[in-house]
Amino acid sequence: MMKRFLYSIMAITIGLVVYGYEYFLDEKERTSGVEVGKQTKKYTNTFLLPISTTNQMIHHENYSLSYSEPHEQAEWVAYELKKEHLTKTRFNRPYFEVDEAVKTGAAHWRNYKKSGYDRGHLCPAGDRTFSKAAYNETFLTSNISPQRHDFNSGIWNTLEQKVRYWAHKYDGVFVVTGGVLKGEMKTIGTEKVAVPNQFYKILIDNNTDKIKMIAFLFPHENSKKPLHEFVVSVDSIEKLTGIDFFPQLEDTLENRLEASSNYKAWRFN
DNA sequence: CTGATCTTC
DNA sequence: GAAGATCAG
């Protein structure tokens, strides 16, 4: 009975995705001559970017990151998820590519091969479905961390979907995410890509005068607990990671927002 | 949605 | 190695 219900949900989901794809094609035809799938504008919303403790910040077309060479992954990835980005177009997954923008040499995807860990997106592919180029751009090795599959497809995936829900509800959110690259960590592959013991995600909504923030911190394991149990203050993540997340916010505002672990302003259902 | 792996060329 | 089919949470 339960299984039948799940199958129904799945069928509906697939149906919506297919419909979305066809709608996208129609849109493309209607605006003939305009390259819908091509984003040429460089991603330069630097106002809300964290500092790079590794002195290697990289701006891609549709997200920015700070690469940590010793850990062979980003210490953070940041991007804006706008409401109009939520198109649900379905693209075929491309192959991961080494990010040539990383001067010190980004990790090769082979490090993850048969490691037992997922190539877990930091900027999710599902958040960049508004163009083929934007989607493919998330498949750079500078945008992934080794993640347990049960975690990635479990509570982490649940949070990513909640972020999309909030982006729709609050007309866009700014997202900063990464693994905590501190302490003793397992490594994978010949390049010794570190396996973080914790992952964080910070959201800020500055679309209204009442700016709001929320931060999540998870141990690197799946959980069936509700998301709100993983809410922490931004301050606590700054202490863990050594990263100053929103240095350009006015100080008293920054202090007040970052000290809070109050999530009442964010609807969870 | 989040992914890996197997088959075929 | 590339691309499609298949499988799993």
# chains A, B, ... in the order shown; residues from 1 in each chain; ligands from 1

call {"tool": "closest_atom_pairs", "arguments": {"of": "chain A", "to": "chain C", "cutoff": "8 Å", "atoms": "only C-alpha atoms (C1' of nucleotides)", "output": "Markdown table"}}
result
| residue | atom | partner | partner_atom | distance |
| --- | --- | --- | --- | --- |
| A:His149 | CA | C:DG9 | C1' | 7.6 |
| A:Asp150 | CA | C:DG9 | C1' | 6.3 |
| A:Ser153 | CA | C:DG9 | C1' | 5.9 |
| A:Gly154 | CA | C:DG9 | C1' | 7.1 |

call {"tool": "interface_residues", "arguments": {"of": "chain A", "to": "chain B", "cutoff": "10 Å", "atoms": "only C-alpha atoms (C1' of nucleotides)", "output": "list of chain:residue names"}}
result
A:Thr13, A:Lys113, A:Lys114, A:Gly116, A:Tyr117, A:Asp118, A:Arg119, A:Gly120, A:His121, A:Pro124, A:Ala125, A:Gly126, A:His149, A:Asp150, A:Phe151, A:Asn152, A:Ser153, A:Gly154, A:Trp156, A:Asn157, A:Thr158, A:Glu160, A:Gln161

call {"tool": "write_last_selection", "arguments": {"atoms": "N, CA and C atoms", "output": "PDB file, in the first residue's frame"}}
result
ATOM      1  N   THR A  13       5.939  13.213 -10.007  1.00  0.00           N
ATOM      2  CA  THR A  13       7.181  13.994 -10.083  1.00  0.00           C
ATOM      3  C   THR A  13       7.748  13.948 -11.491  1.00  0.00           C
ATOM      4  N   LYS A 113      36.442   7.726  -7.359  1.00  0.00           N
ATOM      5  CA  LYS A 113      36.053   6.459  -7.991  1.00  0.00           C
ATOM      6  C   LYS A 113      36.291   5.298  -7.024  1.00  0.00           C
ATOM      7  N   LYS A 114      35.259   4.531  -6.809  1.00  0.00           N
ATOM      8  CA  LYS A 114      35.315   3.367  -5.922  1.00  0.00           C
ATOM      9  C   LYS A 114      35.838   3.693  -4.522  1.00  0.00           C
ATOM     10  N   GLY A 116      33.833   4.678  -2.234  1.00  0.00           N
ATOM     11  CA  GLY A 116      32.711   4.439  -1.334  1.00  0.00           C
ATOM     12  C   GLY A 116      31.952   5.711  -1.021  1.00  0.00           C
ATOM     13  N   TYR A 117      32.478   6.851  -1.517  1.00  0.00           N
ATOM     14  CA  TYR A 117      31.816   8.134  -1.254  1.00  0.00           C
ATOM     15  C   TYR A 117      31.245   8.735  -2.529  1.00  0.00           C
ATOM     16  N   ASP A 118      30.142   9.450  -2.360  1.00  0.00           N
ATOM     17  CA  ASP A 118      29.541  10.183  -3.466  1.00  0.00           C
ATOM     18  C   ASP A 118      30.397  11.396  -3.830  1.00  0.00           C
ATOM     19  N   ARG A 119      30.281  11.811  -5.090  1.00  0.00           N
ATOM     20  CA  ARG A 119      30.760  13.138  -5.467  1.00  0.00           C
ATOM     21  C   ARG A 119      29.618  14.085  -5.132  1.00  0.00           C
ATOM     22  N   GLY A 120      29.637  14.567  -3.923  1.00  0.00           N
ATOM     23  CA  GLY A 120      28.501  15.358  -3.455  1.00  0.00           C
ATOM     24  C   GLY A 120      28.610  16.812  -3.872  1.00  0.00           C
ATOM     25  N   HIS A 121      27.648  17.251  -4.667  1.00  0.00           N
ATOM     26  CA  HIS A 121      27.632  18.659  -5.083  1.00  0.00           C
ATOM     27  C   HIS A 121      27.532  19.595  -3.882  1.00  0.00           C
ATOM     28  N   PRO A 124      24.251  22.565  -5.711  1.00  0.00           N
ATOM     29  CA  PRO A 124      23.543  21.419  -6.289  1.00  0.00           C
ATOM     30  C   PRO A 124      23.226  21.616  -7.776  1.00  0.00           C
ATOM     31  N   ALA A 125      23.331  20.543  -8.527  1.00  0.00           N
ATOM     32  CA  ALA A 125      22.924  20.589  -9.937  1.00  0.00           C
ATOM     33  C   ALA A 125      21.462  21.012 -10.037  1.00  0.00           C
ATOM     34  N   GLY A 126      20.682  20.576  -9.077  1.00  0.00           N
ATOM     35  CA  GLY A 126      19.257  20.884  -9.075  1.00  0.00           C
ATOM     36  C   GLY A 126      18.929  22.359  -8.858  1.00  0.00           C
ATOM     37  N   HIS A 149      26.728   8.271   0.770  1.00  0.00           N
ATOM     38  CA  HIS A 149      25.539   8.294  -0.081  1.00  0.00           C
ATOM     39  C   HIS A 149      24.247   8.413   0.728  1.00  0.00           C
ATOM     40  N   ASP A 150      24.205   7.756   1.880  1.00  0.00           N
ATOM     41  CA  ASP A 150      22.967   7.834   2.671  1.00  0.00           C
ATOM     42  C   ASP A 150      22.737   9.254   3.188  1.00  0.00           C
ATOM     43  N   PHE A 151      23.827   9.940   3.491  1.00  0.00           N
ATOM     44  CA  PHE A 151      23.724  11.343   3.930  1.00  0.00           C
ATOM     45  C   PHE A 151      23.298  12.242   2.771  1.00  0.00           C
ATOM     46  N   ASN A 152      23.997  12.094   1.633  1.00  0.00           N
ATOM     47  CA  ASN A 152      23.750  12.939   0.465  1.00  0.00           C
ATOM     48  C   ASN A 152      22.323  12.795  -0.058  1.00  0.00           C
ATOM     49  N   SER A 153      21.883  11.550  -0.137  1.00  0.00           N
ATOM     50  CA  SER A 153      20.537  11.330  -0.672  1.00  0.00           C
ATOM     51  C   SER A 153      19.492  11.406   0.432  1.00  0.00           C
ATOM     52  N   GLY A 154      19.961  11.544   1.653  1.00  0.00           N
ATOM     53  CA  GLY A 154      19.048  11.603   2.784  1.00  0.00           C
ATOM     54  C   GLY A 154      18.773  13.020   3.261  1.00  0.00           C
ATOM     55  N   TRP A 156      20.657  15.603   3.694  1.00  0.00           N
ATOM     56  CA  TRP A 156      21.275  16.689   2.918  1.00  0.00           C
ATOM     57  C   TRP A 156      20.403  17.033   1.710  1.00  0.00           C
ATOM     58  N   ASN A 157      19.914  16.012   1.064  1.00  0.00           N
ATOM     59  CA  ASN A 157      18.998  16.205  -0.067  1.00  0.00           C
ATOM     60  C   ASN A 157      17.703  16.871   0.395  1.00  0.00           C
ATOM     61  N   THR A 158      17.230  16.461   1.549  1.00  0.00           N
ATOM     62  CA  THR A 158      16.017  17.066   2.106  1.00  0.00           C
ATOM     63  C   THR A 158      16.219  18.562   2.325  1.00  0.00           C
ATOM     64  N   GLU A 160      18.415  20.490   0.749  1.00  0.00           N
ATOM     65  CA  GLU A 160      18.536  21.145  -0.555  1.00  0.00           C
ATOM     66  C   GLU A 160      17.159  21.423  -1.164  1.00  0.00           C
ATOM     67  N   GLN A 161      16.256  20.493  -0.964  1.00  0.00           N
ATOM     68  CA  GLN A 161      14.911  20.704  -1.480  1.00  0.00           C
ATOM     69  C   GLN A 161      14.181  21.781  -0.690  1.00  0.00           C
TER      70      GLN A 161
END

call {"tool": "residues_around", "arguments": {"residues": "Leu48 of chain A", "least_positions_apart": "2", "cutoff": "7 Å", "atoms": "only C-alpha atoms (C1' of nucleotides)", "output": "ChimeraX atom specification"}}
result
/A:45-46,50,246,248

call {"tool": "write_last_selection", "arguments": {"atoms": "N, CA and C atoms", "output": "PDB file, in the first residue's frame"}}
result
ATOM      1  N   ASN A  45      27.963  38.742  -7.659  1.00  0.00           N
ATOM      2  CA  ASN A  45      27.318  39.265  -6.467  1.00  0.00           C
ATOM      3  C   ASN A  45      28.277  39.084  -5.292  1.00  0.00           C
ATOM      4  N   THR A  46      29.219  40.014  -5.189  1.00  0.00           N
ATOM      5  CA  THR A  46      30.278  39.841  -4.192  1.00  0.00           C
ATOM      6  C   THR A  46      29.875  40.342  -2.810  1.00  0.00           C
ATOM      7  N   PRO A  50      31.649  35.268   1.524  1.00  0.00           N
ATOM      8  CA  PRO A  50      32.516  35.127   2.706  1.00  0.00           C
ATOM      9  C   PRO A  50      33.959  35.473   2.337  1.00  0.00           C
ATOM     10  N   PHE A 246      29.888  36.910   6.502  1.00  0.00           N
ATOM     11  CA  PHE A 246      29.275  38.072   5.858  1.00  0.00           C
ATOM     12  C   PHE A 246      29.954  39.366   6.312  1.00  0.00           C
ATOM     13  N   GLN A 248      30.712  42.026   4.896  1.00  0.00           N
ATOM     14  CA  GLN A 248      30.266  43.301   4.353  1.00  0.00           C
ATOM     15  C   GLN A 248      28.939  43.790   4.898  1.00  0.00           C
TER      16      GLN A 248
END

call {"tool": "atom_distance", "arguments": {"atom1": "atom CA of Glu191 of chain A", "atom2": "atom CA of Ser115 of chain A"}}
result
12.3 Å

call {"tool": "residues_around", "arguments": {"residues": "segment 81-88 of chain A", "least_positions_apart": "3", "cutoff": "6 Å", "atoms": "only C-alpha atoms (C1' of nucleotides)", "output": "MDAnalysis selection string"}}
result
chainID A and resid 130 167:168 171:173

call {"tool": "select_by_dssp", "arguments": {"residues": "segment 115-231 of chain A", "states": "alpha helix (DSSP H)", "output": "MDAnalysis selection string"}}
result
chainID A and resid 132:137 149:152 155:169

call {"tool": "residues_around", "arguments": {"residues": "Trp76 of chain A", "least_positions_apart": "4", "cutoff": "6 Å", "atoms": "only C-alpha atoms (C1' of nucleotides)", "output": "ChimeraX atom specification"}}
result
/A:65-66,177-178

call {"tool": "write_last_selection", "arguments": {"atoms": "C-alpha atoms", "output": "compact mmCIF listing (two decimals), in the first residue's frame"}}
result
# COMPACT_ATOMS: atom_id res chain seq x y z
CA LEU A 65 34.02 29.30 -4.28
CA SER A 66 37.08 29.33 -2.06
CA THR A 177 27.73 25.75 1.88
CA GLY A 178 30.64 23.42 2.50

call {"tool": "select_by_dssp", "arguments": {"residues": "segment 82-260 of chain A", "states": "strand (DSSP E or B)", "output": "ChimeraX atom specification"}}
result
/A:97,118-121,140,144-147,173-179,186-188,193-195,198-205,212-219,231-232

call {"tool": "write_last_selection", "arguments": {"atoms": "C-alpha atoms", "output": "compact mmCIF listing (two decimals), in the first residue's frame"}}
result
# COMPACT_ATOMS: atom_id res chain seq x y z
CA GLU A 97 35.74 18.00 -15.03
CA ASP A 118 29.54 10.18 -3.47
CA ARG A 119 30.76 13.14 -5.47
CA GLY A 120 28.50 15.36 -3.46
CA HIS A 121 27.63 18.66 -5.08
CA LEU A 140 33.46 20.76 -11.69
CA ILE A 144 32.19 18.56 -4.79
CA SER A 145 33.00 16.99 -1.45
CA PRO A 146 33.17 13.31 -0.56
CA GLN A 147 29.82 12.49 0.98
CA VAL A 173 17.93 33.19 -1.10
CA PHE A 174 21.70 33.47 -0.97
CA VAL A 175 23.41 30.19 -0.09
CA VAL A 176 26.83 29.39 1.38
CA THR A 177 27.73 25.75 1.88
CA GLY A 178 30.64 23.42 2.50
CA GLY A 179 32.28 20.80 4.65
CA LYS A 186 39.78 10.48 6.43
CA THR A 187 41.13 10.98 2.92
CA ILE A 188 40.33 9.35 -0.41
CA VAL A 193 40.79 14.45 -0.76
CA ALA A 194 39.64 15.07 2.82
CA VAL A 195 36.33 13.61 3.98
CA GLN A 198 30.55 17.84 9.32
CA PHE A 199 28.74 19.83 6.64
CA TYR A 200 27.13 23.24 6.97
CA LYS A 201 24.75 25.38 4.97
CA ILE A 202 23.96 29.03 5.61
CA LEU A 203 21.07 30.92 4.02
CA ILE A 204 20.43 34.62 3.95
CA ASP A 205 17.36 36.37 2.65
CA LYS A 212 16.96 36.93 7.91
CA MET A 213 19.56 34.23 8.27
CA ILE A 214 19.55 30.56 9.10
CA ALA A 215 22.38 28.07 9.46
CA PHE A 216 22.51 24.29 9.58
CA LEU A 217 25.26 21.99 10.79
CA PHE A 218 25.14 18.24 10.29
CA PRO A 219 27.41 15.44 11.37
CA VAL A 231 19.85 24.77 13.20
CA VAL A 232 22.80 26.56 14.77

call {"tool": "atom_distance", "arguments": {"atom1": "atom CA of Lys264 of chain A", "atom2": "atom CA of Lys169 of chain A"}}
result
14.8 Å

call {"tool": "atom_distance", "arguments": {"atom1": "atom CA of Thr53 of chain A", "atom2": "atom CA of Val77 of chain A"}}
result
12.9 Å
